[in-house]
There are 2 protein chains.
Amino acid sequence: MDPRRTPGQRAGLSREQVLAAARDSLLERGLSGLTMRAVAQRLGVAPNALYSHVPDKAALVEDLLDDALGAVPDPPADADWRTGLRDLMARTHAVLLDSPDLVPLYLGRGARGPNARRLGAGVLDLLARGGVTGPEAQEALRALIVYTIGFAAFEVQPGPEDADPGERSAGLSGTFDRGLGWLLAGIGG
Amino acid sequence: MDPRRTPGQRAGLSREQVLAAARDSLLERGLSGLTMRAVAQRLGVAPNALYSHVPDKAALVEDLLDDALGAVPDPPADADWRTGLRDLMARTHAVLLDSPDLVPLYLGRGARGPNARRLGAGVLDLLARGGVTGPEAQEALRALIVYTIGFAAFEVQPGPEDADPGERSAGLSGTFDRGLGWLLAGIGG
DNA sequence: ACCTGAACACCGTTCAAGT
DNA sequence: ACCTGAACACCGTTCAAGT
């Protein structure tokens with residue numbers, strides 16, 4: 001793209017820079033604006049230059065998804081298991097809302113990266129502290145994930161243009177916590 | 001596409017035929033194979049011919065989403081509200097699994113068509129029978145929707161290739177019902 | 001190994017013209 | 001009103017070539 005570089009010269013790109021440019025693209029142009037060509041343009045390179053650092057677009061998006069989950073902290077080791085779960089899922093929910101455009105993708109392709117596994121392990125650990133183990137713990141984990149991501153996806157939708165988005169989001173956040181409470185009460189037995 | 005028709009002649013297309021062709025495309029080629037051009041080719045018309053029957057691709061997909069929900073029956077009027085809800089959500093869940101490729105889209109853009117509204121009204125009616133009304137009913141409705149669609153989305157994901165898909169799906173169906181039970185128990189109070 | 005240039009095989013959508 | 005032909009402005013990805 002930049003006419004100053006001829007075929008032999010390199011731009012000094014790194015995988016991290018590619019991911020960062022992808023995040024910026026997503027933030028400024030939304031999901032439909034996240035294209036290989038846009039990311040390349042932002043970096044001042046030819047579109048196909050990205051393929052030296054990322055296998056393809058799917059892999060790039062997958063990294064974006066897992067990286068976003070890195071912002072969710074581990075639960076404190078001494079917390080009550082129930083409040084620990086409530087807190088962990090609420091924080092996950094908040095992090096998801098920070099990247100609204102990514103949310104629908106979590107349920108579409110799932111997150112299987114290291115951060116997703118770390119979070120899953122954290123949930124299972126808290127459940128075990130509450131005496132929930134084995135298959136029931138797996139079921140509870142799935143229900144909590146589904147509810148948290150699903151709710152965020154619901155929240156992030158355009159929605160009918162009746163109320164202003166701020167007020168609407170505020171009402172929904174309260175709902176998230178309440179439904180989560182229902183779920184946790186049920187899991188407890 | 002068909003060389004037998006020249007610019008003046010018409011193919012006798014209807015909106016219904018376009019939607020049906022889109023469903024076939026989705027079934028045979030998956031979501032990535034659902035393109036305006038593929039639908040047109042299936043109907044033997046030029047790609048832009050579709051725009052006489054559908055505003056754009058987004059509208060077409062929206063109709064596909066709501067139409068699929070038409071397969072969910074209304075709950076019987078005399079059922080106990082709790083088992084009625086359990087049944088209605090389970091049927092919705094089953095219908096969602098019948099169109100796996102559409103599932104991620106329900107959370108991405110939401111369903112706001114007549115069938116989606118009918119289902120929502122059905123849920124609210126059952127909740128009212130259980131004494132759950134007002135804002136709490138809205139919260140319960142949202143939790144049930146989120147859980148049902150979210151779970152289906154989770155189920156439909158490719159997943160790691162460890163077990164065969166049949167066995168995996170069977171285990172997950174049981175989990176759906178259990179988490180739903182937790183939720184309903186919580187909603188009951 | 002990393003990058004450019006050019007190309008391939010696609011997309012959704014629009015516009016003008018024909019009946 | 002409904003359709004075709006042609007085009008526009010895009011996509012992701014591959015391939016050959018340059019250093």
# chains A, B, ... in the order shown; residues from 1 in each chain; ligands from 1
>>> residues_around(residues="range 28-40 of chain A", least_positions_apart="6", cutoff="9 Å", atoms="only C-alpha atoms (C1' of nucleotides)", output="list in words")
Met1, Val18, Leu19, Ala21, Ala22, Ala46, Pro47, Asn48, Ala49, Leu50, Asp56, Lys57, Asp101 and Leu102 of chain A; DC11 and DG12 of chain D
>>> closest_atom_pairs(of="chain D", to="chain A", cutoff="12 Å", atoms="only C-alpha atoms (C1' of nucleotides)", output="CSV")
residue,atom,partner,partner_atom,distance
D:DC10,C1',A:Arg37,CA,10.2
D:DC11,C1',A:Thr35,CA,8.0
D:DG12,C1',A:Met36,CA,7.5
D:DT13,C1',A:Asn48,CA,7.8
D:DT14,C1',A:Asn48,CA,9.1
D:DC15,C1',A:Asn48,CA,11.1
D:DA16,C1',A:Pro7,CA,11.6
D:DA17,C1',A:Pro7,CA,8.1
D:DG18,C1',A:Gly8,CA,4.7
D:DT19,C1',A:Gly8,CA,4.1
>>> write_last_selection(atoms="N, CA, C and O atoms (P, O5', C5', C4', C3', O3' and C1' of nucleotides)", output="PDB file, in the first residue's frame")
ATOM      1  P    DC D  10     -15.186   0.421  -2.032  1.00  0.00           P
ATOM      2  O5'  DC D  10     -14.252  -0.765  -2.562  1.00  0.00           O
ATOM      3  C5'  DC D  10     -13.790  -1.766  -1.650  1.00  0.00           C
ATOM      4  C4'  DC D  10     -14.845  -2.845  -1.462  1.00  0.00           C
ATOM      5  C3'  DC D  10     -14.319  -4.051  -0.725  1.00  0.00           C
ATOM      6  O3'  DC D  10     -14.401  -3.829   0.664  1.00  0.00           O
ATOM      7  C1'  DC D  10     -15.706  -4.687  -2.583  1.00  0.00           C
ATOM      8  P    DC D  11     -13.221  -4.225   1.620  1.00  0.00           P
ATOM      9  O5'  DC D  11     -13.675  -5.687   2.013  1.00  0.00           O
ATOM     10  C5'  DC D  11     -13.036  -6.737   1.350  1.00  0.00           C
ATOM     11  C4'  DC D  11     -13.816  -7.986   1.495  1.00  0.00           C
ATOM     12  C3'  DC D  11     -12.887  -9.153   1.753  1.00  0.00           C
ATOM     13  O3'  DC D  11     -12.953  -9.501   3.118  1.00  0.00           O
ATOM     14  C1'  DC D  11     -14.054  -9.489  -0.300  1.00  0.00           C
ATOM     15  P    DG D  12     -11.611  -9.673   3.957  1.00  0.00           P
ATOM     16  O5'  DG D  12     -11.200 -11.157   3.556  1.00  0.00           O
ATOM     17  C5'  DG D  12     -12.108 -12.206   3.837  1.00  0.00           C
ATOM     18  C4'  DG D  12     -11.631 -13.474   3.173  1.00  0.00           C
ATOM     19  C3'  DG D  12     -10.244 -13.927   3.619  1.00  0.00           C
ATOM     20  O3'  DG D  12     -10.258 -15.334   3.818  1.00  0.00           O
ATOM     21  C1'  DG D  12     -10.262 -13.575   1.266  1.00  0.00           C
ATOM     22  P    DT D  13      -8.985 -16.088   4.402  1.00  0.00           P
ATOM     23  O5'  DT D  13      -8.172 -16.394   3.056  1.00  0.00           O
ATOM     24  C5'  DT D  13      -8.841 -17.097   2.013  1.00  0.00           C
ATOM     25  C4'  DT D  13      -7.935 -17.218   0.811  1.00  0.00           C
ATOM     26  C3'  DT D  13      -6.489 -17.635   1.138  1.00  0.00           C
ATOM     27  O3'  DT D  13      -6.278 -18.925   0.576  1.00  0.00           O
ATOM     28  C1'  DT D  13      -6.602 -15.917  -0.511  1.00  0.00           C
ATOM     29  P    DT D  14      -4.882 -19.644   0.719  1.00  0.00           P
ATOM     30  O5'  DT D  14      -4.294 -19.396  -0.746  1.00  0.00           O
ATOM     31  C5'  DT D  14      -5.116 -19.619  -1.886  1.00  0.00           C
ATOM     32  C4'  DT D  14      -4.302 -19.458  -3.147  1.00  0.00           C
ATOM     33  C3'  DT D  14      -2.860 -19.974  -3.054  1.00  0.00           C
ATOM     34  O3'  DT D  14      -2.512 -20.597  -4.280  1.00  0.00           O
ATOM     35  C1'  DT D  14      -2.841 -17.714  -3.682  1.00  0.00           C
ATOM     36  P    DC D  15      -1.176 -21.497  -4.412  1.00  0.00           P
ATOM     37  O5'  DC D  15      -0.682 -21.113  -5.872  1.00  0.00           O
ATOM     38  C5'  DC D  15      -1.263 -20.012  -6.567  1.00  0.00           C
ATOM     39  C4'  DC D  15      -0.210 -19.244  -7.351  1.00  0.00           C
ATOM     40  C3'  DC D  15       1.224 -19.756  -7.182  1.00  0.00           C
ATOM     41  O3'  DC D  15       1.867 -19.772  -8.444  1.00  0.00           O
ATOM     42  C1'  DC D  15       1.109 -17.479  -6.576  1.00  0.00           C
ATOM     43  P    DA D  16       3.356 -20.457  -8.577  1.00  0.00           P
ATOM     44  O5'  DA D  16       4.222 -19.206  -9.076  1.00  0.00           O
ATOM     45  C5'  DA D  16       3.704 -18.365 -10.097  1.00  0.00           C
ATOM     46  C4'  DA D  16       4.496 -17.071 -10.177  1.00  0.00           C
ATOM     47  C3'  DA D  16       6.025 -17.268 -10.116  1.00  0.00           C
ATOM     48  O3'  DA D  16       6.631 -16.442 -11.108  1.00  0.00           O
ATOM     49  C1'  DA D  16       5.342 -15.776  -8.419  1.00  0.00           C
ATOM     50  P    DA D  17       8.229 -16.555 -11.348  1.00  0.00           P
ATOM     51  O5'  DA D  17       8.756 -15.238 -10.614  1.00  0.00           O
ATOM     52  C5'  DA D  17       8.131 -13.992 -10.910  1.00  0.00           C
ATOM     53  C4'  DA D  17       8.620 -12.933  -9.969  1.00  0.00           C
ATOM     54  C3'  DA D  17      10.145 -12.929  -9.751  1.00  0.00           C
ATOM     55  O3'  DA D  17      10.642 -11.621  -9.927  1.00  0.00           O
ATOM     56  C1'  DA D  17       9.013 -12.863  -7.697  1.00  0.00           C
ATOM     57  P    DG D  18      12.220 -11.378 -10.032  1.00  0.00           P
ATOM     58  O5'  DG D  18      12.609 -10.437  -8.815  1.00  0.00           O
ATOM     59  C5'  DG D  18      11.951  -9.188  -8.657  1.00  0.00           C
ATOM     60  C4'  DG D  18      12.141  -8.720  -7.246  1.00  0.00           C
ATOM     61  C3'  DG D  18      13.600  -8.753  -6.775  1.00  0.00           C
ATOM     62  O3'  DG D  18      14.042  -7.436  -6.454  1.00  0.00           O
ATOM     63  C1'  DG D  18      12.155  -9.742  -5.164  1.00  0.00           C
ATOM     64  P    DT D  19      15.568  -7.205  -6.104  1.00  0.00           P
ATOM     65  O5'  DT D  19      15.632  -7.547  -4.541  1.00  0.00           O
ATOM     66  C5'  DT D  19      15.751  -6.514  -3.577  1.00  0.00           C
ATOM     67  C4'  DT D  19      15.896  -7.132  -2.196  1.00  0.00           C
ATOM     68  C3'  DT D  19      17.320  -7.649  -1.907  1.00  0.00           C
ATOM     69  O3'  DT D  19      18.007  -6.691  -1.103  1.00  0.00           O
ATOM     70  C1'  DT D  19      15.586  -9.132  -1.125  1.00  0.00           C
TER      71       DT D  19
END
>>> select_by_dssp(residues="range 4-185 of chain B", states="helix (DSSP H, G or I)", output="PyMOL selection string")
chain B and resi 15-29+31-33+36-43+47-52+57-69+81-98+103-109+114-129+134-156+165-185
>>> write_last_selection(atoms="C-alpha atoms", output="compact mmCIF listing (two decimals), in the first residue's frame")
# COMPACT_ATOMS: atom_id res chain seq x y z
CA ARG B 15 -41.20 -14.16 -2.43
CA GLU B 16 -42.07 -17.60 -1.11
CA GLN B 17 -40.00 -19.29 -3.78
CA VAL B 18 -37.06 -17.07 -2.98
CA LEU B 19 -37.30 -17.96 0.70
CA ALA B 20 -37.62 -21.66 -0.10
CA ALA B 21 -34.57 -21.54 -2.33
CA ALA B 22 -32.68 -19.75 0.43
CA ARG B 23 -33.63 -22.52 2.86
CA ASP B 24 -32.40 -25.14 0.44
CA SER B 25 -29.18 -23.26 -0.06
CA LEU B 26 -28.67 -23.11 3.68
CA LEU B 27 -29.38 -26.79 4.10
CA GLU B 28 -27.06 -27.95 1.36
CA ARG B 29 -24.23 -25.44 1.51
CA LEU B 31 -24.36 -20.44 6.13
CA SER B 32 -21.36 -19.51 4.03
CA GLY B 33 -23.11 -21.00 1.02
CA MET B 36 -27.79 -14.11 -3.16
CA ARG B 37 -26.03 -15.46 -6.19
CA ALA B 38 -26.46 -19.07 -5.08
CA VAL B 39 -30.15 -18.55 -4.37
CA ALA B 40 -30.59 -16.93 -7.76
CA GLN B 41 -28.78 -19.73 -9.52
CA ARG B 42 -31.00 -22.28 -7.80
CA LEU B 43 -34.01 -20.43 -9.17
CA PRO B 47 -28.67 -12.51 -9.10
CA ASN B 48 -30.27 -9.10 -9.18
CA ALA B 49 -33.67 -10.59 -10.00
CA LEU B 50 -34.07 -11.39 -6.29
CA TYR B 51 -34.29 -7.70 -5.48
CA SER B 52 -37.74 -7.57 -7.01
CA LYS B 57 -30.02 -10.11 2.04
CA ALA B 58 -30.52 -8.98 5.64
CA ALA B 59 -34.28 -8.94 5.18
CA LEU B 60 -34.18 -12.37 3.59
CA VAL B 61 -32.27 -13.82 6.52
CA GLU B 62 -34.61 -12.13 8.97
CA ASP B 63 -37.56 -13.84 7.33
CA LEU B 64 -35.73 -17.14 7.44
CA LEU B 65 -35.16 -16.74 11.16
CA ASP B 66 -38.75 -15.95 12.02
CA ASP B 67 -40.18 -18.59 9.71
CA ALA B 68 -38.16 -21.28 11.43
CA LEU B 69 -39.78 -20.34 14.74
CA TRP B 81 -47.42 -23.12 34.07
CA ARG B 82 -44.13 -24.66 35.08
CA THR B 83 -44.38 -27.76 32.95
CA GLY B 84 -45.84 -25.59 30.21
CA LEU B 85 -42.74 -23.41 30.23
CA ARG B 86 -40.48 -26.40 30.40
CA ASP B 87 -42.23 -27.91 27.42
CA LEU B 88 -42.33 -24.72 25.39
CA MET B 89 -38.65 -24.00 25.83
CA ALA B 90 -37.73 -27.61 25.10
CA ARG B 91 -39.71 -27.48 21.87
CA THR B 92 -38.10 -24.21 20.92
CA HIS B 93 -34.73 -25.75 21.65
CA ALA B 94 -35.53 -28.71 19.40
CA VAL B 95 -36.70 -26.45 16.59
CA LEU B 96 -33.52 -24.42 16.82
CA LEU B 97 -31.45 -27.55 16.47
CA ASP B 98 -33.33 -28.36 13.27
CA VAL B 103 -28.82 -20.56 15.50
CA PRO B 104 -25.86 -18.17 15.84
CA LEU B 105 -27.84 -15.55 13.99
CA TYR B 106 -30.67 -15.47 16.52
CA LEU B 107 -28.34 -13.99 19.10
CA GLY B 108 -26.53 -11.84 16.62
CA ARG B 109 -29.47 -9.89 15.31
CA PRO B 114 -44.46 -12.35 14.28
CA ASN B 115 -43.45 -15.84 15.37
CA ALA B 116 -40.89 -14.50 17.82
CA ARG B 117 -43.54 -12.21 19.29
CA ARG B 118 -46.04 -15.04 19.48
CA LEU B 119 -43.56 -17.16 21.43
CA GLY B 120 -42.74 -14.29 23.75
CA ALA B 121 -46.42 -13.75 24.44
CA GLY B 122 -46.82 -17.45 25.15
CA VAL B 123 -44.04 -17.37 27.72
CA LEU B 124 -45.44 -14.27 29.40
CA ASP B 125 -48.86 -15.91 29.54
CA LEU B 126 -47.49 -18.98 31.30
CA LEU B 127 -45.49 -16.83 33.69
CA ALA B 128 -48.60 -14.82 34.53
CA ARG B 129 -50.39 -18.04 35.37
CA GLY B 134 -44.54 -7.01 35.47
CA PRO B 135 -40.81 -6.36 35.33
CA GLU B 136 -39.98 -9.72 36.87
CA ALA B 137 -41.82 -11.45 34.07
CA GLN B 138 -39.78 -9.50 31.55
CA GLU B 139 -36.61 -10.57 33.30
CA ALA B 140 -37.71 -14.18 33.39
CA LEU B 141 -38.62 -14.07 29.70
CA ARG B 142 -35.23 -12.72 28.83
CA ALA B 143 -33.44 -15.31 30.95
CA LEU B 144 -35.39 -18.13 29.33
CA ILE B 145 -34.74 -16.87 25.81
CA VAL B 146 -31.07 -16.30 26.48
CA TYR B 147 -30.65 -19.71 28.02
CA THR B 148 -32.52 -21.55 25.28
CA ILE B 149 -30.91 -19.89 22.29
CA GLY B 150 -27.53 -19.67 23.96
CA PHE B 151 -27.58 -23.34 24.78
CA ALA B 152 -28.54 -24.27 21.24
CA ALA B 153 -25.75 -22.07 19.92
CA PHE B 154 -23.33 -23.82 22.19
CA GLU B 155 -24.59 -27.20 21.06
CA VAL B 156 -24.32 -26.40 17.41
CA PRO B 165 -21.36 -35.90 17.28
CA GLY B 166 -24.34 -38.14 18.09
CA GLU B 167 -23.14 -39.10 21.55
CA ARG B 168 -22.05 -35.55 22.26
CA SER B 169 -25.44 -34.11 21.30
CA ALA B 170 -27.27 -36.66 23.44
CA GLY B 171 -25.31 -35.68 26.52
CA LEU B 172 -25.93 -32.04 25.88
CA SER B 173 -29.69 -32.42 25.51
CA GLY B 174 -29.90 -33.76 29.01
CA THR B 175 -27.92 -30.80 30.23
CA PHE B 176 -30.29 -28.39 28.59
CA ASP B 177 -33.21 -29.74 30.51
CA ARG B 178 -31.40 -29.68 33.81
CA GLY B 179 -30.23 -26.08 33.53
CA LEU B 180 -33.71 -25.12 32.43
CA GLY B 181 -35.00 -26.73 35.58
CA TRP B 182 -32.61 -24.66 37.70
CA LEU B 183 -33.80 -21.53 36.00
CA LEU B 184 -37.48 -22.36 36.43
CA ALA B 185 -36.98 -23.22 40.07
>>> atom_distance(atom1="CA of Gly12 in chain B", atom2="C1' of DA1 in chain D")
11.1 Å
>>> decode(residues="range 3-14 of chain C", atoms="all heavy atoms", output="short mmCIF file (atom, residue, chain, number, x, y, z; two decimals), in the first residue's frame")
data_model
loop_
_atom_site.label_atom_id
_atom_site.label_comp_id
_atom_site.auth_asym_id
_atom_site.auth_seq_id
_atom_site.Cartn_x
_atom_site.Cartn_y
_atom_site.Cartn_z
P DC C 3 6.73 -8.11 7.01
OP1 DC C 3 7.03 -6.85 7.71
OP2 DC C 3 5.68 -9.00 7.54
"O5'" DC C 3 6.38 -7.79 5.49
"C5'" DC C 3 7.04 -6.70 4.86
"C4'" DC C 3 7.03 -6.85 3.36
"O4'" DC C 3 7.32 -8.22 3.01
"C3'" DC C 3 5.71 -6.58 2.68
"O3'" DC C 3 5.62 -5.20 2.35
"C2'" DC C 3 5.80 -7.44 1.40
"C1'" DC C 3 6.99 -8.35 1.64
N1 DC C 3 6.70 -9.79 1.36
C2 DC C 3 6.97 -10.27 0.08
O2 DC C 3 7.43 -9.51 -0.77
N3 DC C 3 6.72 -11.58 -0.20
C4 DC C 3 6.22 -12.38 0.74
N4 DC C 3 5.99 -13.66 0.44
C5 DC C 3 5.93 -11.91 2.06
C6 DC C 3 6.19 -10.62 2.32
P DT C 4 4.31 -4.68 1.56
OP1 DT C 4 4.27 -3.22 1.76
OP2 DT C 4 3.16 -5.50 1.92
"O5'" DT C 4 4.69 -4.98 0.04
"C5'" DT C 4 5.80 -4.34 -0.58
"C4'" DT C 4 5.81 -4.62 -2.07
"O4'" DT C 4 5.94 -6.05 -2.29
"C3'" DT C 4 4.56 -4.18 -2.82
"O3'" DT C 4 4.94 -3.53 -4.02
"C2'" DT C 4 3.81 -5.49 -3.08
"C1'" DT C 4 4.93 -6.51 -3.16
N1 DT C 4 4.55 -7.88 -2.71
C2 DT C 4 4.73 -8.95 -3.57
O2 DT C 4 5.17 -8.84 -4.69
N3 DT C 4 4.36 -10.17 -3.06
C4 DT C 4 3.86 -10.43 -1.80
O4 DT C 4 3.57 -11.57 -1.44
C5 DT C 4 3.70 -9.27 -0.95
C7 DT C 4 3.15 -9.43 0.44
C6 DT C 4 4.04 -8.07 -1.44
P DG C 5 3.89 -2.65 -4.83
OP1 DG C 5 4.62 -1.50 -5.41
OP2 DG C 5 2.73 -2.43 -3.97
"O5'" DG C 5 3.47 -3.65 -6.01
"C5'" DG C 5 4.48 -4.42 -6.65
"C4'" DG C 5 3.87 -5.25 -7.78
"O4'" DG C 5 3.60 -6.59 -7.30
"C3'" DG C 5 2.54 -4.73 -8.32
"O3'" DG C 5 2.57 -4.86 -9.74
"C2'" DG C 5 1.49 -5.62 -7.66
"C1'" DG C 5 2.24 -6.94 -7.48
N9 DG C 5 1.84 -7.73 -6.32
C8 DG C 5 1.48 -7.26 -5.07
N7 DG C 5 1.19 -8.21 -4.22
C5 DG C 5 1.37 -9.39 -4.95
C6 DG C 5 1.20 -10.74 -4.54
O6 DG C 5 0.86 -11.18 -3.44
N1 DG C 5 1.49 -11.63 -5.59
C2 DG C 5 1.88 -11.26 -6.84
N2 DG C 5 2.11 -12.25 -7.70
N3 DG C 5 2.04 -9.98 -7.24
C4 DG C 5 1.77 -9.11 -6.24
P DA C 6 1.34 -4.40 -10.64
OP1 DA C 6 1.91 -3.91 -11.91
OP2 DA C 6 0.46 -3.54 -9.83
"O5'" DA C 6 0.61 -5.80 -10.90
"C5'" DA C 6 1.42 -6.96 -11.18
"C4'" DA C 6 0.52 -8.18 -11.27
"O4'" DA C 6 0.34 -8.76 -9.95
"C3'" DA C 6 -0.88 -7.91 -11.82
"O3'" DA C 6 -1.13 -8.79 -12.88
"C2'" DA C 6 -1.79 -8.15 -10.63
"C1'" DA C 6 -1.00 -9.17 -9.81
N9 DA C 6 -1.33 -9.19 -8.39
C8 DA C 6 -1.54 -8.11 -7.57
N7 DA C 6 -1.83 -8.43 -6.33
C5 DA C 6 -1.82 -9.82 -6.34
C6 DA C 6 -2.06 -10.76 -5.32
N6 DA C 6 -2.36 -10.44 -4.06
N1 DA C 6 -1.97 -12.07 -5.65
C2 DA C 6 -1.67 -12.40 -6.91
N3 DA C 6 -1.42 -11.59 -7.96
C4 DA C 6 -1.52 -10.29 -7.59
P DA C 7 -2.51 -8.71 -13.73
OP1 DA C 7 -2.11 -8.96 -15.13
OP2 DA C 7 -3.26 -7.49 -13.35
"O5'" DA C 7 -3.30 -9.99 -13.20
"C5'" DA C 7 -2.60 -11.22 -13.09
"C4'" DA C 7 -3.33 -12.14 -12.15
"O4'" DA C 7 -3.32 -11.61 -10.81
"C3'" DA C 7 -4.81 -12.36 -12.51
"O3'" DA C 7 -4.99 -13.69 -12.95
"C2'" DA C 7 -5.55 -12.09 -11.20
"C1'" DA C 7 -4.46 -12.12 -10.15
N9 DA C 7 -4.73 -11.28 -8.98
C8 DA C 7 -4.85 -9.91 -8.94
N7 DA C 7 -5.08 -9.43 -7.73
C5 DA C 7 -5.12 -10.55 -6.94
C6 DA C 7 -5.34 -10.72 -5.56
N6 DA C 7 -5.56 -9.70 -4.72
N1 DA C 7 -5.31 -11.99 -5.08
C2 DA C 7 -5.09 -13.00 -5.92
N3 DA C 7 -4.87 -12.97 -7.23
C4 DA C 7 -4.90 -11.71 -7.68
P DC C 8 -6.39 -14.11 -13.62
OP1 DC C 8 -6.06 -14.96 -14.79
OP2 DC C 8 -7.21 -12.89 -13.80
"O5'" DC C 8 -7.09 -15.01 -12.52
"C5'" DC C 8 -6.32 -16.01 -11.83
"C4'" DC C 8 -7.16 -16.59 -10.70
"O4'" DC C 8 -7.09 -15.71 -9.56
"C3'" DC C 8 -8.64 -16.73 -11.06
"O3'" DC C 8 -9.09 -18.03 -10.72
"C2'" DC C 8 -9.33 -15.65 -10.23
"C1'" DC C 8 -8.39 -15.51 -9.04
N1 DC C 8 -8.44 -14.15 -8.42
C2 DC C 8 -8.59 -14.04 -7.03
O2 DC C 8 -8.70 -15.06 -6.35
N3 DC C 8 -8.62 -12.79 -6.47
C4 DC C 8 -8.49 -11.72 -7.24
N4 DC C 8 -8.52 -10.52 -6.64
C5 DC C 8 -8.32 -11.81 -8.65
C6 DC C 8 -8.30 -13.04 -9.20
P DA C 9 -10.36 -18.61 -11.55
OP1 DA C 9 -10.01 -19.97 -12.05
OP2 DA C 9 -10.83 -17.58 -12.48
"O5'" DA C 9 -11.42 -18.78 -10.39
"C5'" DA C 9 -10.99 -19.21 -9.10
"C4'" DA C 9 -11.92 -18.65 -8.04
"O4'" DA C 9 -11.56 -17.29 -7.73
"C3'" DA C 9 -13.40 -18.61 -8.48
"O3'" DA C 9 -14.19 -19.10 -7.41
"C2'" DA C 9 -13.63 -17.13 -8.74
"C1'" DA C 9 -12.75 -16.55 -7.63
N9 DA C 9 -12.47 -15.13 -7.76
C8 DA C 9 -12.29 -14.40 -8.91
N7 DA C 9 -12.07 -13.12 -8.70
C5 DA C 9 -12.11 -12.99 -7.33
C6 DA C 9 -11.97 -11.89 -6.48
N6 DA C 9 -11.74 -10.65 -6.91
N1 DA C 9 -12.07 -12.12 -5.14
C2 DA C 9 -12.31 -13.35 -4.71
N3 DA C 9 -12.47 -14.47 -5.42
C4 DA C 9 -12.36 -14.22 -6.73
P DC C 10 -15.74 -19.40 -7.63
OP1 DC C 10 -16.31 -19.85 -6.34
OP2 DC C 10 -15.83 -20.26 -8.83
"O5'" DC C 10 -16.33 -17.97 -8.02
"C5'" DC C 10 -17.43 -17.42 -7.29
"C4'" DC C 10 -16.93 -16.73 -6.03
"O4'" DC C 10 -15.89 -15.80 -6.35
"C3'" DC C 10 -18.00 -15.90 -5.35
"O3'" DC C 10 -18.76 -16.74 -4.50
"C2'" DC C 10 -17.18 -14.87 -4.58
"C1'" DC C 10 -15.88 -14.76 -5.39
N1 DC C 10 -15.68 -13.49 -6.11
C2 DC C 10 -15.58 -12.29 -5.41
O2 DC C 10 -15.66 -12.30 -4.19
N3 DC C 10 -15.39 -11.13 -6.10
C4 DC C 10 -15.29 -11.16 -7.44
N4 DC C 10 -15.09 -10.01 -8.08
C5 DC C 10 -15.41 -12.37 -8.17
C6 DC C 10 -15.59 -13.50 -7.48
P DC C 11 -20.35 -16.61 -4.47
OP1 DC C 11 -20.93 -17.89 -4.04
OP2 DC C 11 -20.80 -16.01 -5.74
"O5'" DC C 11 -20.53 -15.58 -3.29
"C5'" DC C 11 -20.76 -14.24 -3.65
"C4'" DC C 11 -20.46 -13.34 -2.51
"O4'" DC C 11 -19.21 -12.67 -2.74
"C3'" DC C 11 -21.52 -12.27 -2.40
"O3'" DC C 11 -22.39 -12.58 -1.35
"C2'" DC C 11 -20.74 -11.00 -2.19
"C1'" DC C 11 -19.39 -11.28 -2.83
N1 DC C 11 -19.22 -10.88 -4.26
C2 DC C 11 -19.19 -9.53 -4.61
O2 DC C 11 -19.33 -8.68 -3.72
N3 DC C 11 -19.02 -9.19 -5.92
C4 DC C 11 -18.88 -10.15 -6.84
N4 DC C 11 -18.69 -9.76 -8.11
C5 DC C 11 -18.91 -11.53 -6.51
C6 DC C 11 -19.10 -11.86 -5.21
P DG C 12 -23.97 -12.58 -1.58
OP1 DG C 12 -24.59 -13.30 -0.47
OP2 DG C 12 -24.24 -12.98 -2.97
"O5'" DG C 12 -24.28 -11.02 -1.43
"C5'" DG C 12 -23.93 -10.38 -0.22
"C4'" DG C 12 -24.09 -8.88 -0.38
"O4'" DG C 12 -23.21 -8.44 -1.44
"C3'" DG C 12 -25.49 -8.45 -0.76
"O3'" DG C 12 -25.84 -7.29 -0.01
"C2'" DG C 12 -25.38 -8.16 -2.27
"C1'" DG C 12 -23.93 -7.72 -2.41
N9 DG C 12 -23.36 -8.03 -3.72
C8 DG C 12 -23.30 -9.27 -4.31
N7 DG C 12 -22.74 -9.26 -5.49
C5 DG C 12 -22.41 -7.94 -5.70
C6 DG C 12 -21.77 -7.32 -6.81
O6 DG C 12 -21.37 -7.84 -7.87
N1 DG C 12 -21.63 -5.94 -6.62
C2 DG C 12 -22.03 -5.27 -5.50
N2 DG C 12 -21.81 -3.96 -5.49
N3 DG C 12 -22.62 -5.83 -4.45
C4 DG C 12 -22.78 -7.17 -4.61
P DT C 13 -27.30 -6.65 -0.11
OP1 DT C 13 -27.57 -5.84 1.09
OP2 DT C 13 -28.23 -7.73 -0.52
"O5'" DT C 13 -27.12 -5.64 -1.33
"C5'" DT C 13 -26.05 -4.68 -1.27
"C4'" DT C 13 -26.02 -3.89 -2.55
"O4'" DT C 13 -25.44 -4.68 -3.61
"C3'" DT C 13 -27.39 -3.42 -3.07
"O3'" DT C 13 -27.42 -2.00 -2.99
"C2'" DT C 13 -27.46 -3.95 -4.50
"C1'" DT C 13 -25.99 -4.23 -4.82
N1 DT C 13 -25.73 -5.28 -5.84
C2 DT C 13 -25.07 -4.92 -7.00
O2 DT C 13 -24.68 -3.79 -7.22
N3 DT C 13 -24.87 -5.95 -7.88
C4 DT C 13 -25.27 -7.28 -7.73
O4 DT C 13 -25.04 -8.11 -8.61
C5 DT C 13 -25.97 -7.58 -6.51
C7 DT C 13 -26.45 -8.98 -6.23
C6 DT C 13 -26.17 -6.58 -5.62
P DT C 14 -28.70 -1.19 -3.45
OP1 DT C 14 -28.85 -0.04 -2.55
OP2 DT C 14 -29.82 -2.12 -3.68
"O5'" DT C 14 -28.18 -0.67 -4.87
"C5'" DT C 14 -26.87 -0.10 -4.98
"C4'" DT C 14 -26.68 0.45 -6.38
"O4'" DT C 14 -26.29 -0.61 -7.29
"C3'" DT C 14 -27.91 1.10 -7.00
"O3'" DT C 14 -27.50 2.25 -7.72
"C2'" DT C 14 -28.45 0.02 -7.92
"C1'" DT C 14 -27.15 -0.62 -8.41
N1 DT C 14 -27.27 -2.01 -8.87
C2 DT C 14 -26.56 -2.40 -9.98
O2 DT C 14 -25.86 -1.66 -10.61
N3 DT C 14 -26.73 -3.73 -10.33
C4 DT C 14 -27.51 -4.67 -9.67
O4 DT C 14 -27.58 -5.82 -10.08
C5 DT C 14 -28.21 -4.19 -8.51
C7 DT C 14 -29.08 -5.12 -7.75
C6 DT C 14 -28.06 -2.90 -8.17
#
